[in-house]
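Since the structure comes first, as structure tokens, the remarks are kept for the end.
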Amino acid sequence: MSTEPETTENAEPGAPDTRETPDRGTDGDVPAEGTDTAGGAESADDGEGAAAEGGAGAEDGAAAGLSEAEAELAAQRIERERIERRKAEKRSRIESGGKLSGTAADLLAAVRAVESGEKPTATVFAEPAPAPRRTAPEPVRRPQPAPAPVAPSGPAPEAVDAVRRVLTEGGAPDALAAQVAAVLGEGADTALREDPWQLLRVAGVRPEQADGFARALLGAGCAPDDERRGRAVTVWLLEQAAVAGHTALDLPTLTAALGRQGVPDPDAAVQATLAEGEALVFQDALDEPGAPAPQAAGTGEDTDEEQERPVRVLVGLERYALAEESLADGLARLVNSLSQETGQVWETVAAGLSGGAAELARAVAGHGLVLHTGGEAARAEPAALLGAARAAGLRAFAVCHTADGRGRLAAELGGVPAERGVGTVAGLLSGAEGPGRDTDGALELDLLIVLDAPQLDVEGAAMLVESLPDGARLVLSGDPGVLWSAGPGRVFADLLAARVCPQTVSRVPDPGPLGELVSGIGIGELNQVAAPGKEIVIVPVRDAGEAVHRTVQLVADSVPRAIGIPADQTVVITPGHGGAAGTRALNAALKERLNPGPGRFGGFDPGDRIVYSPVPGRAVPGVVVKADAEGLHLSCADGPVVVPRERVEGGVRHGWALTAHQAVGARWPAAVVVLPGDAVQVLSRPWVYTAFGRAERHLSVVHGVEQALPKAVADIPPKPRTTRLQTLLRPQEA
């Protein structure tokens, strides 16, 4: 690695802003009190908030010609409704918990009291007992609209005006009116007046702000022990946990967080939330070293040790709990419904391949679910499998996380994506890409390959799996070293740990100095790598102000002049949006140098690089074309998009500088990774691995964290996420 000499002028140090969450799903724990986890425009591309609010019905949407974003939201809503119906059929009383005591026992007693009818007006959902496997998937009917260039508009103006009056009465910013109306839906003004703490459902609103709003509306009727406040804060904490990647929380963790938020009786707040059906409670058995294996049901051989196995009491939001259970059921269905009709064809496919691709094909031939791991170069193996399967007459399709990944995979196959059976996850789920569906709503596929599998959250994974017919084969392929999904869950990591299906590991190394550097980071080593062609350059900086200055210099001058890569093919990656060297500060400086202008339309001008978020958790790069009365016109990978004026602030950002989560799944000829001094607490091995791995030909590191970088690579793994998928897969493994 070479070091660029320090020749820059002195700049004033920037004040680091450590209050902002750098990335949605940056593998964090439940956000600590006082941490700004969401706010305004951040929610657009960090994935905060619920993605399935509102939207037209499936049939009406298909007739009207929805946009891809609307279609994806409608598909998610219909999928959750279908999952809920199926879970309702399976739900039954659980006779367990006899060995619980204290809070856990009280909580379970409260749940059972509601189930028995002692509290007829309340609803509590308990974890269902195992049910017999169904032999065929329930029909999945989703809209298949053609993509439209206009982004979805907001709620009706009358509804927004009604909410604005309530907000003004309570002293809250009326700028929140559109968000509140969209989140709370029809009758939002009435709901907000009856329960002011519903304001917490809006991304960026914190409990102390909702408390002030409630005091203004309720006056003397507002009290800290108000049951409505306890329920709202409980749901808010679970939503914040989902932002950090958890699908559920341990009960002690949740009650402790409620205490920090000033809830006088956390246990009562949790019980009230469960009674209203706003969350679910689960008891998951814990496996201890040396503990006896559970006996098969009905053998009559249960031992005292088994009865006394410890359990973990978890609380989670219904949408993620049902998605995780649906995913486990769907994976088991694929494993158990393997079709033997195409066995001879699969033997032919495997015979025509070699190396890792042949090994992968042989695994797929005999199993309904296969996991494949490897770096960037390893993508050639599932690409070869896709090409061979399609050549053999099998209905095969592959999806990637981003449009850039789709293009790279199609190039690997030597054609355009549509001709080579390649799309994106979002495009396949919305119906804009991929094969048609049969009369039951299942995709007409024999093989689905999902690349960038670590980016699948539980909801997206559940929708994909439930869309596959019986007998289809599923390959999940990805690099386990990159950051996990922006949404809740760690699907790929959980499946690897559960070991419920074959796993093939690619032995194809990533080439060149960049491949050597990134491969070393993946095993915890930050090595000195020879870079004779200036593939890797380290630029030391003293403070955040100098970091911004040197970044602009690299993008606009040094990299184009010395490496031959123009500015529009270079990405800047930094840990967070806030701070003196976050995406906002860097994008402002890069815009001033590369595309100066007055920013007449929400701060944007024609030619600005942007990142557009059609739904929370997705980041689509593009360029501003123009602005008019219709909104902001963008040119994105999938075609033109018009973002209405009212959605620009929350859905569009400048895109010269991105966070690592926004950049994952895509690659650029050159990458400039900025590590200011205030980024130390954010750095981890997956973050560094992901950021450095975005470069194809050249990597510049603006380095201001000194020894914190090698320490992060060597010692800081991803923070754990609380999920239930491994537990749900255990019965299938047995």
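Residue numbers start at 1 in each chain; chains themselves are named A, B, ... in the order of the structure tokens; ligands are numbered from 1 in the order shown.
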message = Excluding A:Leu474 and its own-chain neighbours fewer than 2 positions away, which residues fall within 7 Å of it when counting only C-alpha atoms? Please give them as a list of chain:residue names.
response = A:Gly368, A:Leu369, A:Val370, A:Leu447, A:Leu448, A:Ile449, A:Ala472, A:Leu476
For the selection you just gave me, I'd like the residues written to a file as an mmCIF file, in the first residue's frame, keeping C-alpha atoms.
data_model
loop_
_atom_site.group_PDB
_atom_site.id
_atom_site.type_symbol
_atom_site.label_atom_id
_atom_site.label_comp_id
_atom_site.auth_asym_id
_atom_site.auth_seq_id
_atom_site.Cartn_x
_atom_site.Cartn_y
_atom_site.Cartn_z
ATOM 1 C CA GLY A 368 -34.226 -28.449 -2.201
ATOM 2 C CA LEU A 369 -32.135 -25.887 -0.278
ATOM 3 C CA VAL A 370 -28.397 -25.252 -0.716
ATOM 4 C CA LEU A 447 -34.563 -23.175 -9.609
ATOM 5 C CA LEU A 448 -34.171 -19.809 -7.904
ATOM 6 C CA ILE A 449 -30.677 -18.511 -7.126
ATOM 7 C CA ALA A 472 -38.475 -26.086 -6.655
ATOM 8 C CA LEU A 476 -28.796 -18.857 -1.322
#
With stretch 419-440 of chain A as the partner and 12 Å as the cut-off, tabulate the residues of stretch 612-726 of chain A that qualify, each row holding the nearest pair of atoms and their distance in Å to one decimal, using only C-alpha atoms, sorted by chain and rising number, as a Markdown table.
| residue | atom | partner | partner_atom | distance |
| --- | --- | --- | --- | --- |
| A:Pro614 | CA | A:Ala426 | CA | 10.5 |
| A:Val615 | CA | A:Ala426 | CA | 10.1 |
| A:Gly617 | CA | A:Ala426 | CA | 11.1 |
| A:Arg618 | CA | A:Ala426 | CA | 9.0 |
| A:Ala619 | CA | A:Ala426 | CA | 11.4 |
| A:Val620 | CA | A:Ala426 | CA | 11.2 |
| A:Ala637 | CA | A:Thr424 | CA | 11.4 |
| A:Asp638 | CA | A:Gly427 | CA | 9.6 |
| A:Gly665 | CA | A:Thr424 | CA | 10.8 |
query = Of the candidates A:Asn587, A:Thr273, A:Thr234, A:Gln198, which shows the shortest atom-to-atom distance to A:Leu258, using only C-alpha atoms?
reply = A:Thr234
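Distances to A:His549 were evaluated for A:Arg507, A:Arg647, A:Arg406, A:Arg593 using only C-alpha atoms, and the minimum falls at A:Arg593.
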request  = Name the residues in contact with stretch 494-496 of chain A at a cut-off of 8 Å, using only C-alpha atoms, excluding same-chain residues fewer than 5 positions from it; report them as a list in words.
outcome  = Leu371, Gln503, Leu725 and Gln726 of chain A
key: Polymer residues at most 7 Å from A:His246, only C-alpha atoms, same-chain spacing of 3 or more positions, as a PyMOL selection string   = chain A and resi 241-242+488-489+721-723
May I have the residues within 12 Å of A:Pro718 as a PDB file with N, CA and C atoms, in the first residue's frame, using only C-alpha atoms and disregarding those fewer than 5 positions away in the same chain?
ATOM      1  N   GLY A  25     -29.529  -0.748  10.789  1.00  0.00           N
ATOM      2  CA  GLY A  25     -29.076  -2.117  10.949  1.00  0.00           C
ATOM      3  C   GLY A  25     -27.581  -2.247  11.053  1.00  0.00           C
ATOM      4  N   THR A  26     -26.912  -1.280  11.721  1.00  0.00           N
ATOM      5  CA  THR A  26     -25.471  -1.384  11.857  1.00  0.00           C
ATOM      6  C   THR A  26     -25.119  -2.342  12.974  1.00  0.00           C
ATOM      7  N   ASP A  27     -25.825  -3.444  13.013  1.00  0.00           N
ATOM      8  CA  ASP A  27     -25.539  -4.521  13.934  1.00  0.00           C
ATOM      9  C   ASP A  27     -25.456  -4.019  15.353  1.00  0.00           C
ATOM     10  N   GLY A  28     -26.385  -3.157  15.746  1.00  0.00           N
ATOM     11  CA  GLY A  28     -26.356  -2.610  17.079  1.00  0.00           C
ATOM     12  C   GLY A  28     -27.332  -3.293  17.984  1.00  0.00           C
ATOM     13  N   ASP A  29     -27.245  -2.936  19.279  1.00  0.00           N
ATOM     14  CA  ASP A  29     -28.178  -3.448  20.250  1.00  0.00           C
ATOM     15  C   ASP A  29     -29.379  -2.528  20.273  1.00  0.00           C
ATOM     16  N   ALA A 244     -32.321  -1.935  14.699  1.00  0.00           N
ATOM     17  CA  ALA A 244     -30.993  -2.459  15.005  1.00  0.00           C
ATOM     18  C   ALA A 244     -30.812  -3.895  14.540  1.00  0.00           C
ATOM     19  N   GLY A 245     -31.841  -4.510  13.949  1.00  0.00           N
ATOM     20  CA  GLY A 245     -31.703  -5.829  13.369  1.00  0.00           C
ATOM     21  C   GLY A 245     -32.348  -6.960  14.126  1.00  0.00           C
ATOM     22  N   PRO A 480     -20.402 -14.241   3.543  1.00  0.00           N
ATOM     23  CA  PRO A 480     -20.782 -14.098   4.953  1.00  0.00           C
ATOM     24  C   PRO A 480     -20.026 -13.012   5.695  1.00  0.00           C
ATOM     25  N   GLY A 481     -19.005 -12.431   5.066  1.00  0.00           N
ATOM     26  CA  GLY A 481     -18.227 -11.402   5.740  1.00  0.00           C
ATOM     27  C   GLY A 481     -18.806 -10.008   5.662  1.00  0.00           C
ATOM     28  N   VAL A 482     -19.793  -9.766   4.782  1.00  0.00           N
ATOM     29  CA  VAL A 482     -20.312  -8.412   4.610  1.00  0.00           C
ATOM     30  C   VAL A 482     -21.327  -8.088   5.704  1.00  0.00           C
ATOM     31  N   LEU A 483     -21.713  -6.831   5.764  1.00  0.00           N
ATOM     32  CA  LEU A 483     -22.738  -6.397   6.709  1.00  0.00           C
ATOM     33  C   LEU A 483     -24.030  -7.166   6.484  1.00  0.00           C
ATOM     34  N   TRP A 484     -24.745  -7.403   7.582  1.00  0.00           N
ATOM     35  CA  TRP A 484     -26.032  -8.066   7.476  1.00  0.00           C
ATOM     36  C   TRP A 484     -27.077  -7.125   6.900  1.00  0.00           C
ATOM     37  N   SER A 485     -28.288  -7.629   6.749  1.00  0.00           N
ATOM     38  CA  SER A 485     -29.370  -6.875   6.118  1.00  0.00           C
ATOM     39  C   SER A 485     -29.677  -5.592   6.868  1.00  0.00           C
ATOM     40  N   ARG A 490     -31.138 -12.011  10.504  1.00  0.00           N
ATOM     41  CA  ARG A 490     -29.833 -12.376   9.931  1.00  0.00           C
ATOM     42  C   ARG A 490     -30.020 -13.744   9.291  1.00  0.00           C
ATOM     43  N   ALA A 493     -26.938 -15.871   7.930  1.00  0.00           N
ATOM     44  CA  ALA A 493     -26.080 -16.301   9.036  1.00  0.00           C
ATOM     45  C   ALA A 493     -26.779 -17.349   9.897  1.00  0.00           C
ATOM     46  N   GLY A 522     -11.301 -10.323   5.959  1.00  0.00           N
ATOM     47  CA  GLY A 522     -12.340 -11.301   6.252  1.00  0.00           C
ATOM     48  C   GLY A 522     -11.956 -12.290   7.330  1.00  0.00           C
ATOM     49  N   VAL A 682     -17.974   3.060  15.561  1.00  0.00           N
ATOM     50  CA  VAL A 682     -18.796   2.389  14.557  1.00  0.00           C
ATOM     51  C   VAL A 682     -18.046   1.261  13.861  1.00  0.00           C
ATOM     52  N   LEU A 683     -16.730   1.341  13.845  1.00  0.00           N
ATOM     53  CA  LEU A 683     -15.946   0.403  13.045  1.00  0.00           C
ATOM     54  C   LEU A 683     -16.045  -1.024  13.585  1.00  0.00           C
ATOM     55  N   SER A 684     -16.141  -1.960  12.668  1.00  0.00           N
ATOM     56  CA  SER A 684     -16.127  -3.382  12.977  1.00  0.00           C
ATOM     57  C   SER A 684     -15.557  -4.099  11.767  1.00  0.00           C
ATOM     58  N   ARG A 685     -15.227  -5.365  11.941  1.00  0.00           N
ATOM     59  CA  ARG A 685     -14.684  -6.117  10.816  1.00  0.00           C
ATOM     60  C   ARG A 685     -15.659  -6.156   9.638  1.00  0.00           C
ATOM     61  N   PRO A 686     -16.962  -6.458   9.845  1.00  0.00           N
ATOM     62  CA  PRO A 686     -17.873  -6.457   8.691  1.00  0.00           C
ATOM     63  C   PRO A 686     -17.980  -5.102   8.012  1.00  0.00           C
ATOM     64  N   TRP A 687     -17.930  -4.007   8.796  1.00  0.00           N
ATOM     65  CA  TRP A 687     -18.040  -2.687   8.169  1.00  0.00           C
ATOM     66  C   TRP A 687     -16.841  -2.429   7.273  1.00  0.00           C
ATOM     67  N   VAL A 688     -15.629  -2.677   7.784  1.00  0.00           N
ATOM     68  CA  VAL A 688     -14.415  -2.442   6.992  1.00  0.00           C
ATOM     69  C   VAL A 688     -14.397  -3.366   5.774  1.00  0.00           C
ATOM     70  N   TYR A 689     -14.754  -4.625   5.971  1.00  0.00           N
ATOM     71  CA  TYR A 689     -14.781  -5.596   4.876  1.00  0.00           C
ATOM     72  C   TYR A 689     -15.732  -5.136   3.778  1.00  0.00           C
ATOM     73  N   THR A 690     -16.916  -4.677   4.175  1.00  0.00           N
ATOM     74  CA  THR A 690     -17.907  -4.229   3.198  1.00  0.00           C
ATOM     75  C   THR A 690     -17.443  -2.975   2.475  1.00  0.00           C
ATOM     76  N   ALA A 712     -10.265  -2.845  14.964  1.00  0.00           N
ATOM     77  CA  ALA A 712     -11.615  -3.212  14.532  1.00  0.00           C
ATOM     78  C   ALA A 712     -11.581  -4.472  13.678  1.00  0.00           C
ATOM     79  N   VAL A 713     -10.611  -4.555  12.767  1.00  0.00           N
ATOM     80  CA  VAL A 713     -10.512  -5.713  11.890  1.00  0.00           C
ATOM     81  C   VAL A 713     -10.196  -6.975  12.686  1.00  0.00           C
TER      82      VAL A 713
END
note = Counting only C-alpha atoms, closest pick from A:Glu239, A:Glu347, A:Asp226, A:Asp404 relative to A:Ala272 is A:Asp226
query = How many Å separate atom CA of A:Arg333 from atom CA of A:Gly460?
reply = 17.3 Å
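Among A:Ala323, A:Leu176, A:Val202, A:Ala357, the residue with the shortest atom-to-atom distance to A:Asp457, counting only C-alpha atoms, is A:Ala323.
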task = Pull the strand (DSSP E or B) assignments for stretch 524-676 of chain A out of DSSP run on the backbone, and list those residues as a PyMOL selection string.
result = chain A and resi 536-540+570-573+601+604+609-612+620-628+631-636+639-643+652-654+657-658+668-675
request  = Could you give me the residues within stretch 217-418 of chain A that DSSP places in helix (DSSP H, G or I), as a ChimeraX atom specification?
outcome  = /A:217-221,227-243,251-260,266-275,304-307,318-336,343-351,355-366,377-391,403-413,417-418
query = How many Å lie between atom CA of A:Val652 and atom CA of A:Asp605, rounded to one decimal?
reply =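 Those two atoms sit 12.4 Å apart.
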ask   = At what distance in Å, to one decimal, does atom CA of A:Val518 lie from atom CA of A:Ala380?
value = 18.1 Å
inquiry  = Please determine, counting only C-alpha atoms, which residue among A:Ser506, A:Ser354, A:Gln340, A:Gln271 has the shortest atom-to-atom distance to A:His372.
reply    =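 Going through A:Ser506, A:Ser354, A:Gln340, A:Gln271 one by one, the smallest distance to A:His372 is for A:Ser506.
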